[in-house]
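Peer 1: Just query_24.json, nothing more (JSON, C-alpha atoms):
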[["chain", "number", "residue", "atom", "x", "y", "z"],
["A", 614, "MET", "CA", 203.43, 45.45, -73.01],
["A", 615, "LEU", "CA", 200.43, 43.36, -74.10],
["A", 616, "GLN", "CA", 198.96, 41.20, -71.38],
["A", 617, "GLU", "CA", 200.59, 37.79, -71.42],
["A", 618, "SER", "CA", 197.32, 35.93, -70.77],
["A", 619, "THR", "CA", 195.66, 37.54, -73.80],
["A", 620, "LEU", "CA", 198.44, 36.45, -76.13],
["A", 621, "GLU", "CA", 199.08, 32.94, -74.87],
["A", 622, "ARG", "CA", 195.49, 31.74, -74.56],
["A", 623, "PRO", "CA", 194.99, 31.09, -78.30],
["A", 624, "VAL", "CA", 198.26, 29.17, -78.47],
["A", 625, "ALA", "CA", 197.66, 27.05, -75.39],
["A", 626, "HIS", "CA", 194.82, 24.97, -76.84],
["A", 627, "MET", "CA", 197.22, 23.50, -79.44],
["A", 628, "MET", "CA", 199.87, 22.40, -76.97],
["A", 629, "GLN", "CA", 198.01, 19.15, -76.22],
["A", 630, "LYS", "CA", 199.75, 17.21, -73.45],
["A", 631, "GLU", "CA", 203.23, 18.54, -74.15],
["A", 632, "SER", "CA", 204.22, 21.69, -72.31],
["A", 633, "ALA", "CA", 205.92, 24.43, -74.35],
["A", 634, "PRO", "CA", 209.65, 24.96, -73.95],
["A", 635, "ILE", "CA", 210.83, 28.36, -72.87],
["A", 636, "CYS", "CA", 211.57, 30.86, -75.67],
["A", 637, "THR", "CA", 215.32, 30.67, -75.28],
["A", 638, "ASN", "CA", 215.33, 26.89, -75.72],
["A", 639, "TRP", "CA", 212.88, 26.25, -78.57],
["A", 640, "THR", "CA", 215.63, 25.84, -81.20],
["A", 641, "SER", "CA", 216.94, 22.77, -79.39],
["A", 642, "GLN", "CA", 213.54, 21.09, -79.67],
["A", 643, "ASN", "CA", 213.94, 20.18, -83.36],
["A", 644, "LYS", "CA", 211.96, 23.29, -84.26],
["A", 645, "LEU", "CA", 208.78, 22.32, -82.45],
["A", 646, "TRP", "CA", 208.16, 25.95, -81.51],
["A", 647, "SER", "CA", 209.03, 29.39, -82.85],
["A", 648, "ASN", "CA", 209.00, 32.60, -80.86],
["A", 649, "LEU", "CA", 207.61, 35.92, -82.07],
["A", 650, "ALA", "CA", 211.03, 37.25, -83.09],
["A", 651, "GLU", "CA", 211.62, 34.34, -85.48],
["A", 652, "VAL", "CA", 208.17, 34.63, -87.05],
["A", 653, "ALA", "CA", 208.76, 38.35, -87.56],
["A", 654, "GLU", "CA", 212.13, 37.63, -89.17],
["A", 655, "PHE", "CA", 210.57, 34.98, -91.39],
["A", 656, "LEU", "CA", 207.96, 37.50, -92.58],
["A", 657, "HIS", "CA", 210.74, 40.09, -93.17],
["A", 658, "VAL", "CA", 209.42, 42.65, -90.71],
["A", 659, "PRO", "CA", 211.51, 44.40, -87.99],
["A", 660, "MET", "CA", 210.87, 43.39, -84.40],
["A", 661, "PRO", "CA", 210.12, 46.33, -82.06],
["A", 662, "GLN", "CA", 212.07, 46.16, -78.82],
["A", 663, "ALA", "CA", 208.84, 46.49, -76.83],
["A", 664, "LEU", "CA", 207.63, 43.16, -78.22],
["A", 665, "GLN", "CA", 210.88, 41.25, -77.82],
["A", 666, "ARG", "CA", 209.94, 40.41, -74.24],
["A", 667, "GLU", "CA", 206.57, 38.89, -75.20],
["A", 668, "ASN", "CA", 206.55, 35.20, -74.32],
["A", 669, "VAL", "CA", 204.49, 34.11, -77.35],
["A", 670, "LEU", "CA", 205.21, 30.75, -78.96],
["A", 671, "PHE", "CA", 203.96, 29.36, -82.27],
["A", 672, "GLN", "CA", 203.78, 25.61, -82.78],
["A", 673, "HIS", "CA", 205.40, 23.79, -85.70],
["A", 674, "MET", "CA", 203.53, 20.89, -87.29],
["A", 675, "HIS", "CA", 205.18, 18.33, -89.55],
["A", 676, "PHE", "CA", 203.39, 16.64, -92.44],
["A", 677, "LYS", "CA", 204.46, 13.80, -94.69],
["A", 678, "ALA", "CA", 203.90, 13.91, -98.45],
["A", 679, "GLY", "CA", 200.24, 13.12, -99.15],
["A", 680, "GLN", "CA", 198.92, 14.23, -95.76],
["A", 681, "ARG", "CA", 196.18, 16.84, -95.53],
["A", 682, "ILE", "CA", 197.14, 20.02, -93.71],
["A", 683, "HIS", "CA", 193.55, 21.22, -93.49],
["A", 684, "THR", "CA", 190.33, 19.94, -95.03],
["A", 685, "LEU", "CA", 187.34, 21.52, -96.74],
["A", 686, "GLY", "CA", 184.83, 22.75, -94.13],
["A", 687, "GLN", "CA", 187.26, 22.44, -91.20],
["A", 688, "ASN", "CA", 186.82, 25.18, -88.59],
["A", 689, "PHE", "CA", 189.22, 28.05, -89.11],
["A", 690, "ASP", "CA", 191.31, 29.21, -86.16],
["A", 691, "SER", "CA", 194.86, 29.46, -87.49],
["A", 692, "LEU", "CA", 196.85, 30.59, -90.48],
["A", 693, "TYR", "CA", 199.53, 28.20, -91.73],
["A", 694, "LEU", "CA", 202.98, 29.65, -92.47],
["A", 695, "VAL", "CA", 205.05, 27.34, -94.70],
["A", 696, "ASN", "CA", 208.52, 26.99, -93.21],
["A", 697, "SER", "CA", 209.62, 24.27, -95.63],
["A", 698, "GLY", "CA", 208.12, 21.95, -98.21],
["A", 699, "PHE", "CA", 205.65, 22.12, -101.08],
["A", 700, "ILE", "CA", 201.85, 22.05, -100.93],
["A", 701, "LYS", "CA", 198.84, 22.15, -103.22],
["A", 702, "THR", "CA", 195.46, 23.65, -102.38],
["A", 703, "ILE", "CA", 192.40, 22.16, -104.03],
["A", 704, "LEU", "CA", 188.64, 22.39, -104.44],
["A", 705, "PHE", "CA", 186.17, 19.81, -105.73],
["A", 706, "ASP", "CA", 183.48, 20.51, -108.33],
["A", 707, "GLU", "CA", 179.93, 19.08, -108.24],
["A", 708, "PHE", "CA", 181.20, 15.87, -109.87],
["A", 709, "GLY", "CA", 183.93, 15.38, -107.28],
["A", 710, "THR", "CA", 186.72, 16.36, -109.70],
["A", 711, "GLU", "CA", 189.77, 17.90, -108.05],
["A", 712, "GLN", "CA", 190.67, 21.47, -109.06],
["A", 713, "VAL", "CA", 194.13, 22.68, -108.07],
["A", 714, "LEU", "CA", 194.11, 26.30, -106.89],
["A", 715, "SER", "CA", 197.71, 27.00, -105.93],
["A", 716, "PHE", "CA", 201.11, 25.56, -105.08],
["A", 717, "PRO", "CA", 202.29, 27.20, -101.83],
["A", 718, "MET", "CA", 205.92, 26.89, -100.81],
["A", 719, "LYS", "CA", 208.29, 28.40, -98.24],
["A", 720, "GLY", "CA", 207.19, 31.84, -97.07],
["A", 721, "ASP", "CA", 203.57, 31.47, -98.19],
["A", 722, "VAL", "CA", 200.64, 31.56, -95.77],
["A", 723, "LEU", "CA", 197.61, 29.28, -96.09],
["A", 724, "GLY", "CA", 194.10, 29.89, -94.82],
["A", 725, "MET", "CA", 193.63, 33.58, -95.53],
["A", 726, "ASP", "CA", 190.67, 32.80, -97.80],
["A", 727, "SER", "CA", 188.88, 31.31, -94.77],
["A", 728, "ILE", "CA", 188.94, 34.35, -92.46],
["A", 729, "HIS", "CA", 185.57, 35.72, -93.61],
["A", 730, "CYS", "CA", 183.57, 32.49, -93.17],
["A", 731, "ALA", "CA", 185.37, 30.93, -90.15],
["A", 732, "HIS", "CA", 185.86, 27.60, -91.93],
["A", 733, "HIS", "CA", 188.25, 26.41, -94.62],
["A", 734, "SER", "CA", 186.89, 26.77, -98.13],
["A", 735, "SER", "CA", 189.59, 24.57, -99.68],
["A", 736, "GLU", "CA", 191.90, 21.69, -98.80],
["A", 737, "ALA", "CA", 195.68, 21.76, -98.51],
["A", 738, "ILE", "CA", 197.75, 18.64, -99.23],
["A", 739, "ALA", "CA", 201.50, 18.22, -98.71],
["A", 740, "LEU", "CA", 203.37, 17.40, -101.92],
["A", 741, "SER", "CA", 206.56, 16.76, -99.94],
["A", 742, "ASP", "CA", 207.50, 16.55, -96.27],
["A", 743, "CYS", "CA", 206.51, 19.93, -94.82],
["A", 744, "ASP", "CA", 207.18, 22.02, -91.74],
["A", 745, "ILE", "CA", 204.27, 24.38, -91.02],
["A", 746, "ILE", "CA", 204.14, 27.10, -88.36],
["A", 747, "LEU", "CA", 200.66, 27.60, -86.88],
["A", 748, "LEU", "CA", 199.68, 31.24, -86.48],
["A", 749, "PRO", "CA", 196.52, 31.38, -84.31],
["A", 750, "TYR", "CA", 194.38, 34.07, -85.89],
["A", 751, "LYS", "CA", 193.29, 35.62, -82.58],
["A", 752, "THR", "CA", 196.92, 35.92, -81.51],
["A", 753, "ILE", "CA", 197.95, 37.53, -84.81],
["A", 754, "ALA", "CA", 194.97, 39.91, -84.68],
["A", 755, "THR", "CA", 195.81, 40.92, -81.10],
["A", 756, "LEU", "CA", 199.49, 41.49, -81.89],
["A", 757, "SER", "CA", 198.62, 43.48, -85.00],
["A", 758, "HIS", "CA", 196.84, 46.10, -82.89],
["A", 759, "SER", "CA", 200.12, 47.12, -81.25],
["A", 760, "TYR", "CA", 202.50, 45.90, -83.96],
["A", 761, "ASP", "CA", 201.43, 47.63, -87.17],
["A", 762, "GLN", "CA", 204.21, 46.14, -89.26],
["A", 763, "LEU", "CA", 203.03, 42.60, -88.50],
["A", 764, "GLY", "CA", 199.56, 43.46, -89.74],
["A", 765, "GLN", "CA", 201.05, 45.08, -92.84],
["A", 766, "ALA", "CA", 203.08, 41.93, -93.51],
["A", 767, "ILE", "CA", 199.93, 39.78, -93.37],
["A", 768, "PHE", "CA", 198.13, 42.17, -95.71],
["A", 769, "GLY", "CA", 201.16, 42.04, -98.00],
["A", 770, "LEU", "CA", 200.92, 38.25, -98.15],
["A", 771, "MET", "CA", 197.22, 38.50, -98.95],
["A", 772, "SER", "CA", 197.97, 40.96, -101.73],
["A", 773, "LYS", "CA", 200.68, 38.72, -103.17],
["A", 774, "GLU", "CA", 198.34, 35.74, -103.30],
["A", 775, "LEU", "CA", 195.57, 37.83, -104.87],
["A", 776, "ALA", "CA", 197.99, 39.07, -107.55],
["A", 777, "ARG", "CA", 199.02, 35.47, -108.24],
["A", 778, "GLN", "CA", 195.42, 34.39, -108.73],
["A", 779, "GLN", "CA", 194.70, 37.35, -111.00],
["A", 780, "THR", "CA", 197.69, 36.46, -113.16],
["A", 781, "ARG", "CA", 196.51, 32.86, -113.33],
["A", 782, "LEU", "CA", 193.02, 33.92, -114.42],
["A", 783, "SER", "CA", 194.37, 36.26, -117.08],
["A", 784, "ILE", "CA", 196.56, 33.45, -118.47],
["A", 785, "HIS", "CA", 193.56, 31.10, -118.57],
["A", 786, "GLY", "CA", 191.50, 33.66, -120.41],
["A", 787, "SER", "CA", 193.90, 34.60, -123.17],
["A", 788, "ALA", "CA", 196.96, 32.34, -123.44],
["A", 789, "SER", "CA", 197.28, 29.20, -125.53],
["A", 790, "ALA", "CA", 197.95, 25.89, -123.81],
["A", 791, "GLU", "CA", 201.63, 26.12, -124.76],
["A", 792, "ALA", "CA", 201.96, 29.64, -123.37],
["A", 793, "ARG", "CA", 200.27, 28.59, -120.12],
["A", 794, "VAL", "CA", 202.84, 25.83, -119.54],
["A", 795, "ALA", "CA", 205.71, 28.18, -120.44],
["A", 796, "LYS", "CA", 204.48, 30.91, -118.08],
["A", 797, "PHE", "CA", 203.96, 28.34, -115.33],
["A", 798, "LEU", "CA", 207.58, 27.18, -115.60],
["A", 799, "LEU", "CA", 208.82, 30.78, -115.56],
["A", 800, "SER", "CA", 206.68, 31.53, -112.51],
["A", 801, "LEU", "CA", 208.16, 28.57, -110.63],
["A", 802, "SER", "CA", 211.63, 29.65, -111.74],
["A", 803, "GLU", "CA", 211.10, 33.12, -110.29],
["A", 804, "ARG", "CA", 209.70, 31.79, -107.02],
["A", 805, "PHE", "CA", 212.65, 29.43, -106.54],
["A", 806, "PHE", "CA", 215.05, 32.30, -107.32],
["A", 807, "LEU", "CA", 213.45, 34.53, -104.67],
["A", 808, "LEU", "CA", 214.00, 31.74, -102.15],
["A", 809, "GLY", "CA", 217.70, 31.60, -102.99],
["A", 810, "TYR", "CA", 217.62, 28.54, -105.25],
["A", 811, "SER", "CA", 218.62, 28.10, -108.88],
["A", 812, "LYS", "CA", 216.50, 30.02, -111.36],
["A", 813, "SER", "CA", 217.20, 27.64, -114.23],
["A", 814, "THR", "CA", 217.23, 24.17, -112.68],
["A", 815, "PHE", "CA", 214.61, 22.72, -110.33],
["A", 816, "ASN", "CA", 212.41, 19.73, -109.62],
["A", 817, "LEU", "CA", 208.65, 19.70, -110.11],
["A", 818, "ARG", "CA", 207.08, 18.60, -106.84],
["A", 819, "MET", "CA", 203.64, 18.40, -108.43],
["A", 820, "THR", "CA", 202.51, 15.83, -111.00],
["A", 821, "ARG", "CA", 201.71, 16.70, -114.61],
["A", 822, "ASN", "CA", 198.08, 16.03, -113.74],
["A", 823, "ASP", "CA", 198.31, 18.66, -110.96],
["A", 824, "ILE", "CA", 199.82, 21.14, -113.41],
["A", 825, "GLY", "CA", 197.03, 20.45, -115.89],
["A", 826, "SER", "CA", 194.37, 20.97, -113.24],
["A", 827, "TYR", "CA", 195.98, 24.25, -112.18],
["A", 828, "LEU", "CA", 196.28, 25.53, -115.75],
["A", 829, "GLY", "CA", 192.95, 24.21, -117.00],
["A", 830, "LEU", "CA", 194.60, 21.68, -119.33],
["A", 831, "THR", "CA", 194.54, 17.91, -119.73],
["A", 832, "LEU", "CA", 197.36, 15.68, -118.54],
["A", 833, "GLU", "CA", 198.08, 14.77, -122.17],
["A", 834, "THR", "CA", 198.40, 18.43, -123.21],
["A", 835, "VAL", "CA", 200.85, 19.20, -120.41],
["A", 836, "SER", "CA", 202.98, 16.14, -121.21],
["A", 837, "ARG", "CA", 202.92, 16.85, -124.94],
["A", 838, "THR", "CA", 203.87, 20.51, -124.42],
["A", 839, "LEU", "CA", 206.76, 19.70, -122.09],
["A", 840, "SER", "CA", 208.04, 17.15, -124.61],
["A", 841, "ALA", "CA", 207.78, 19.68, -127.46],
["A", 842, "LEU", "CA", 209.63, 22.36, -125.48],
["A", 843, "ASN", "CA", 212.28, 19.77, -124.70],
["A", 844, "GLU", "CA", 212.62, 18.83, -128.39],
["A", 845, "LEU", "CA", 213.03, 22.49, -129.32],
["A", 846, "GLY", "CA", 215.79, 22.85, -126.74],
["A", 847, "LEU", "CA", 214.04, 25.59, -124.79],
["A", 848, "ILE", "CA", 213.98, 23.35, -121.73],
["A", 849, "SER", "CA", 215.50, 20.03, -120.76],
["A", 850, "VAL", "CA", 213.17, 17.54, -119.09],
["A", 851, "SER", "CA", 214.06, 14.37, -117.22],
["A", 852, "GLN", "CA", 211.01, 13.03, -115.38],
["A", 853, "ARG", "CA", 210.37, 15.84, -112.85],
["A", 854, "HIS", "CA", 213.71, 17.57, -113.32],
["A", 855, "ILE", "CA", 213.47, 20.79, -115.36],
["A", 856, "CYS", "CA", 216.27, 22.89, -116.78],
["A", 857, "ILE", "CA", 215.29, 26.17, -118.47],
["A", 858, "ASN", "CA", 217.64, 26.78, -121.40],
["A", 859, "ASP", "CA", 216.04, 29.91, -122.89],
["A", 860, "ALA", "CA", 213.79, 31.89, -120.55],
["A", 861, "GLU", "CA", 213.32, 34.70, -123.08],
["A", 862, "ALA", "CA", 211.98, 32.32, -125.72],
["A", 863, "LEU", "CA", 209.55, 30.87, -123.17],
["A", 864, "ARG", "CA", 208.45, 34.36, -122.22],
["A", 865, "ASN", "CA", 207.73, 35.23, -125.86],
["A", 866, "LEU", "CA", 206.06, 31.94, -126.70],
["A", 867, "ARG", "CA", 202.53, 32.21, -128.12],
["A", 868, "LYS", "CA", 201.95, 28.86, -129.78],
["A", 869, "LEU", "CA", 204.00, 25.84, -130.73],
["A", 870, "PRO", "CA", 204.91, 25.62, -134.44],
["A", 871, "SER", "CA", 204.06, 22.80, -136.81],
["A", 872, "ASN", "CA", 206.31, 19.74, -136.83],
["A", 873, "LYS", "CA", 208.06, 20.90, -140.01],
["A", 874, "LEU", "CA", 208.70, 24.37, -138.66],
["A", 875, "LYS", "CA", 209.62, 22.91, -135.28],
["A", 876, "ALA", "CA", 212.51, 20.98, -136.84],
["A", 877, "LYS", "CA", 213.88, 24.13, -138.50],
["A", 878, "ILE", "CA", 213.49, 26.15, -135.32],
["A", 879, "SER", "CA", 215.29, 23.47, -133.32],
["A", 880, "GLU", "CA", 218.21, 23.65, -135.78],
["A", 881, "CYS", "CA", 218.31, 27.43, -135.47],
["A", 882, "PHE", "CA", 218.17, 27.26, -131.67],
["A", 883, "GLN", "CA", 220.96, 24.73, -131.45],
["A", 884, "SER", "CA", 223.17, 26.82, -133.75],
["A", 885, "SER", "CA", 222.33, 29.95, -131.70],
["A", 886, "THR", "CA", 221.13, 31.87, -134.74],
["A", 887, "ILE", "CA", 217.97, 32.91, -132.91],
["A", 888, "SER", "CA", 217.36, 33.41, -129.21],
["A", 889, "ALA", "CA", 213.64, 34.08, -128.96],
["A", 890, "TRP", "CA", 212.02, 31.95, -131.65],
["A", 891, "GLY", "CA", 208.54, 32.86, -130.46],
["A", 892, "MET", "CA", 209.11, 36.28, -132.06],
["A", 893, "ALA", "CA", 210.98, 35.06, -135.15],
["A", 894, "PRO", "CA", 209.48, 35.40, -138.64],
["A", 895, "ALA", "CA", 208.10, 32.33, -140.39],
["A", 896, "LEU", "CA", 210.66, 30.06, -141.96],
["A", 897, "ASN", "CA", 210.06, 28.74, -145.51]]
In structure tokens, what does this structure look like?
Peer 2:
Amino acid sequence: MLQESTLERPVAHMMQKESAPICTNWTSQNKLWSNLAEVAEFLHVPMPQALQRENVLFQHMHFKAGQRIHTLGQNFDSLYLVNSGFIKTILFDEFGTEQVLSFPMKGDVLGMDSIHCAHHSSEAIALSDCDIILLPYKTIATLSHSYDQLGQAIFGLMSKELARQQTRLSIHGSASAEARVAKFLLSLSERFFLLGYSKSTFNLRMTRNDIGSYLGLTLETVSRTLSALNELGLISVSQRHICINDAEALRNLRKLPSNKLKAKISECFQSSTISAWGMAPALN
């Protein structure tokens, strides 16, 4: 068994004046603490019996919409596991303009880009009320030495985020503005589906300005594109509520048609004579 003092020391400095509840009672504390078994379950890794006796607790922190979870330049000592809620991570350019980097949600881990420099290289802001589990990096590193699957899970999360960023960069480099918005909606749809929610109906927690910043587009372009997709019947939009009516058409979308062609396509879509208009031949 790992020495108890080695594991608990990194957690203790975050307990402030409140003493930690015992492991068997943390669930009655309105989820103020999680034990190692729950964190392992949350990360979808099996819990070895040898580690089930480890008295390691991880603190939950609650943030209201608009609050900063961590700030640019803040010292790095913990990873942030999103238990619930929606977040955006941002950078600022030399003119002070905000650049949205990502939209973490349940199951994502923040702060992995800060391990190498020991301070946060971005800011994280809650887009809704959030419940975050603090994972002290020294504790995770120590546990990973004897718990290989925990380390593999962290590396898996890093890989997932890297793949996400690569996809985003490839979209920026080659896709039209319309295709970027379509792919963004499909990406959100897939992420919600993996969390057990509806794949076709969801609410946008971020603003259209946030979406534009993330996709490298203006607010006006995002709004205009959403309206056009709504007019074509590919999606239904009501403020922040989105309903995807034809995922395949969105997936095949390259560029929005002219207004004249758009009207004919909308007629075809509504009469179900085509299902993926992005691949349909030109209409005369």
Peer 1: Using all atoms listed in the file, give me every residue within 7 Å of (204.6, 18.0, -95.7) in file coordinates, as a ChimeraX atom specification.
Peer 2: /A:675-678,680,698-699,739-744
Peer 1: Kindly save the residues from that selection, with C-alpha atoms included, as a PDB file, in the frame of the given file.
Peer 2:
ATOM      1  CA  HIS A 675     205.180  18.330 -89.550  1.00  0.00           C
ATOM      2  CA  PHE A 676     203.390  16.640 -92.440  1.00  0.00           C
ATOM      3  CA  LYS A 677     204.460  13.800 -94.690  1.00  0.00           C
ATOM      4  CA  ALA A 678     203.900  13.910 -98.450  1.00  0.00           C
ATOM      5  CA  GLN A 680     198.920  14.230 -95.760  1.00  0.00           C
ATOM      6  CA  GLY A 698     208.120  21.950 -98.210  1.00  0.00           C
ATOM      7  CA  PHE A 699     205.650  22.120-101.080  1.00  0.00           C
ATOM      8  CA  ALA A 739     201.500  18.220 -98.710  1.00  0.00           C
ATOM      9  CA  LEU A 740     203.370  17.400-101.920  1.00  0.00           C
ATOM     10  CA  SER A 741     206.560  16.760 -99.940  1.00  0.00           C
ATOM     11  CA  ASP A 742     207.500  16.550 -96.270  1.00  0.00           C
ATOM     12  CA  CYS A 743     206.510  19.930 -94.820  1.00  0.00           C
ATOM     13  CA  ASP A 744     207.180  22.020 -91.740  1.00  0.00           C
TER      14      ASP A 744
END
Peer 1: Considering only C-alpha atoms, give me a table of residues in region 780-823 of chain A that are at most 10 Å from region 849-853 of chain A, with the closest atom pair and distance in Å for each, as a Markdown table.
Peer 2:
| residue | atom | partner | partner_atom | distance |
| --- | --- | --- | --- | --- |
| A:Thr814 | CA | A:Ser849 | CA | 9.2 |
| A:Phe815 | CA | A:Arg853 | CA | 8.5 |
| A:Asn816 | CA | A:Arg853 | CA | 5.5 |
| A:Leu817 | CA | A:Arg853 | CA | 5.0 |
| A:Arg818 | CA | A:Arg853 | CA | 7.4 |
| A:Met819 | CA | A:Arg853 | CA | 8.4 |
| A:Thr820 | CA | A:Arg853 | CA | 8.1 |
| A:Arg821 | CA | A:Arg853 | CA | 8.9 |
Peer 1: Applying 10 Å and only C-alpha atoms, which residues near Val658 (chain A) remain after dropping the ones on its own chain fewer than 4 positions away? List them as a PyMOL selection string.
Peer 2: chain A and resi 650+652-654+762-766
Peer 1: Between A:Ser715, A:Ile682, A:Glu667, A:Ile746, which has the minimum distance to Leu694 (chain A) (counting all atoms listed in the file)?
Peer 2: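 Comparing A:Ser715, A:Ile682, A:Glu667, A:Ile746 against Leu694 (chain A), the winner is A:Ile746.
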Peer 1: Select, from A:Arg793, A:His758, A:Arg837, A:Lys719, the residue with the minimum atom-to-atom distance to Ile745 (chain A), counting all atoms listed in the file.
Peer 2: A:Lys719
Peer 1: Considering all atoms listed in the file, state which residue in the set A:Leu723, A:Leu847, A:Val794, A:Leu704 is at the smallest distance from Glu774 (chain A).
Peer 2: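 Going through A:Leu723, A:Leu847, A:Val794, A:Leu704 one by one, the smallest distance to Glu774 (chain A) is for A:Leu723.
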Peer 1: At what distance in Å, to one decimal, does CA of Leu798 (chain A) lie from CA of Leu842 (chain A)?
Peer 2: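 If I compute the distance from CA of Leu842 (chain A) to CA of Leu798 (chain A), I get 11.2 Å.
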Peer 1: For Leu839 (chain A), which of A:Ala792, A:Lys812, A:Asn688, A:Tyr827 is the closest residue, counting all atoms listed in the file?
Peer 2: A:Ala792
Peer 1: Give me, as a PDB file with C-alpha atoms, in the coordinates of the input, all polymer residues having an atom no more than 6 Å from Ser813 (chain A), counting all atoms listed in the file and skipping those fewer than 2 positions away in the same chain.
Peer 2:
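Written file, part.pdb:
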ATOM      1  CA  SER A 811     218.620  28.100-108.880  1.00  0.00           C
ATOM      2  CA  CYS A 856     216.270  22.890-116.780  1.00  0.00           C
ATOM      3  CA  ILE A 857     215.290  26.170-118.470  1.00  0.00           C
TER       4      ILE A 857
END
Peer 1: To one decimal place, how far is CA of Leu869 (chain A) from CA of Gly846 (chain A) in Å?
Peer 2: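 These atoms are spaced 12.8 Å apart.
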Peer 1: Closest to Glu711 (chain A) among A:Ser783, A:Leu645, A:Ser735, A:His673, using all atoms listed in the file?
Peer 2: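 Among the listed residues, A:Ser735 lies closest to Glu711 (chain A).
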Peer 1: Could you tell me how far CA of Met771 (chain A) sits from CA of Asn668 (chain A), in Å to one decimal place?
Peer 2: 26.5 Å
Peer 1: Quick one: residues within 12 Å of Asp726 (chain A), only C-alpha atoms, excluding same-chain residues fewer than 5 positions away - as JSON, numbers by chain?
Peer 2: {"A": [685, 689, 691, 692, 693, 702, 714, 731, 732, 733, 734, 735, 736, 770, 771, 772, 774, 775]}
Peer 1: Can you sort out the box for region 678-694 of chain A, edges along x, y and z, all listed atoms in, 5 Å on every side, with centre and edge lengths in Å to one decimal, as JSON?
Peer 2:
{"center_x": 194.4, "center_y": 21.9, "center_z": -92.7, "size_x": 29.1, "size_y": 27.5, "size_z": 23.0}
Peer 1: Have region 801-806 of chain A completed to all heavy atoms, please, and pass it along as an mmCIF file, in the frame of the given file.
Peer 2:
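The new file selection.cif reads:
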data_model
loop_
_atom_site.group_PDB
_atom_site.id
_atom_site.type_symbol
_atom_site.label_atom_id
_atom_site.label_comp_id
_atom_site.auth_asym_id
_atom_site.auth_seq_id
_atom_site.Cartn_x
_atom_site.Cartn_y
_atom_site.Cartn_z
ATOM 1 N N LEU A 801 207.452 29.407 -111.606
ATOM 2 C CA LEU A 801 208.160 28.570 -110.630
ATOM 3 C C LEU A 801 209.625 28.972 -110.547
ATOM 4 O O LEU A 801 210.190 29.046 -109.452
ATOM 5 C CB LEU A 801 208.061 27.101 -111.052
ATOM 6 C CG LEU A 801 206.823 26.313 -110.640
ATOM 7 C CD1 LEU A 801 206.956 24.872 -111.106
ATOM 8 C CD2 LEU A 801 206.602 26.364 -109.135
ATOM 9 N N SER A 802 210.230 29.229 -111.702
ATOM 10 C CA SER A 802 211.630 29.650 -111.740
ATOM 11 C C SER A 802 211.854 30.888 -110.889
ATOM 12 O O SER A 802 212.807 30.959 -110.098
ATOM 13 C CB SER A 802 212.028 29.919 -113.198
ATOM 14 O OG SER A 802 213.243 30.616 -113.270
ATOM 15 N N GLU A 803 210.966 31.872 -111.039
ATOM 16 C CA GLU A 803 211.100 33.120 -110.290
ATOM 17 C C GLU A 803 210.903 32.891 -108.791
ATOM 18 O O GLU A 803 211.615 33.472 -107.955
ATOM 19 C CB GLU A 803 210.085 34.132 -110.805
ATOM 20 C CG GLU A 803 210.235 35.516 -110.211
ATOM 21 C CD GLU A 803 211.561 36.166 -110.539
ATOM 22 O OE1 GLU A 803 212.138 35.854 -111.605
ATOM 23 O OE2 GLU A 803 212.039 36.977 -109.719
ATOM 24 N N ARG A 804 209.953 32.053 -108.434
ATOM 25 C CA ARG A 804 209.700 31.790 -107.020
ATOM 26 C C ARG A 804 210.879 31.083 -106.370
ATOM 27 O O ARG A 804 211.268 31.395 -105.239
ATOM 28 C CB ARG A 804 208.418 30.959 -106.859
ATOM 29 C CG ARG A 804 207.156 31.723 -107.253
ATOM 30 C CD ARG A 804 205.918 30.851 -107.193
ATOM 31 N NE ARG A 804 205.544 30.534 -105.824
ATOM 32 C CZ ARG A 804 204.560 29.701 -105.503
ATOM 33 N NH1 ARG A 804 203.874 29.087 -106.459
ATOM 34 N NH2 ARG A 804 204.255 29.478 -104.239
ATOM 35 N N PHE A 805 211.471 30.107 -107.069
ATOM 36 C CA PHE A 805 212.650 29.430 -106.540
ATOM 37 C C PHE A 805 213.808 30.420 -106.387
ATOM 38 O O PHE A 805 214.545 30.386 -105.400
ATOM 39 C CB PHE A 805 213.077 28.289 -107.470
ATOM 40 C CG PHE A 805 212.270 27.031 -107.296
ATOM 41 C CD1 PHE A 805 211.564 26.483 -108.351
ATOM 42 C CD2 PHE A 805 212.217 26.388 -106.070
ATOM 43 C CE1 PHE A 805 210.821 25.333 -108.195
ATOM 44 C CE2 PHE A 805 211.472 25.236 -105.884
ATOM 45 C CZ PHE A 805 210.773 24.701 -106.965
ATOM 46 N N PHE A 806 213.967 31.309 -107.367
ATOM 47 C CA PHE A 806 215.050 32.300 -107.320
ATOM 48 C C PHE A 806 214.904 33.209 -106.113
ATOM 49 O O PHE A 806 215.889 33.518 -105.433
ATOM 50 C CB PHE A 806 215.041 33.111 -108.620
ATOM 51 C CG PHE A 806 216.092 34.178 -108.672
ATOM 52 C CD1 PHE A 806 217.435 33.847 -108.814
ATOM 53 C CD2 PHE A 806 215.752 35.521 -108.572
ATOM 54 C CE1 PHE A 806 218.420 34.834 -108.859
ATOM 55 C CE2 PHE A 806 216.714 36.512 -108.607
ATOM 56 C CZ PHE A 806 218.054 36.163 -108.758
#
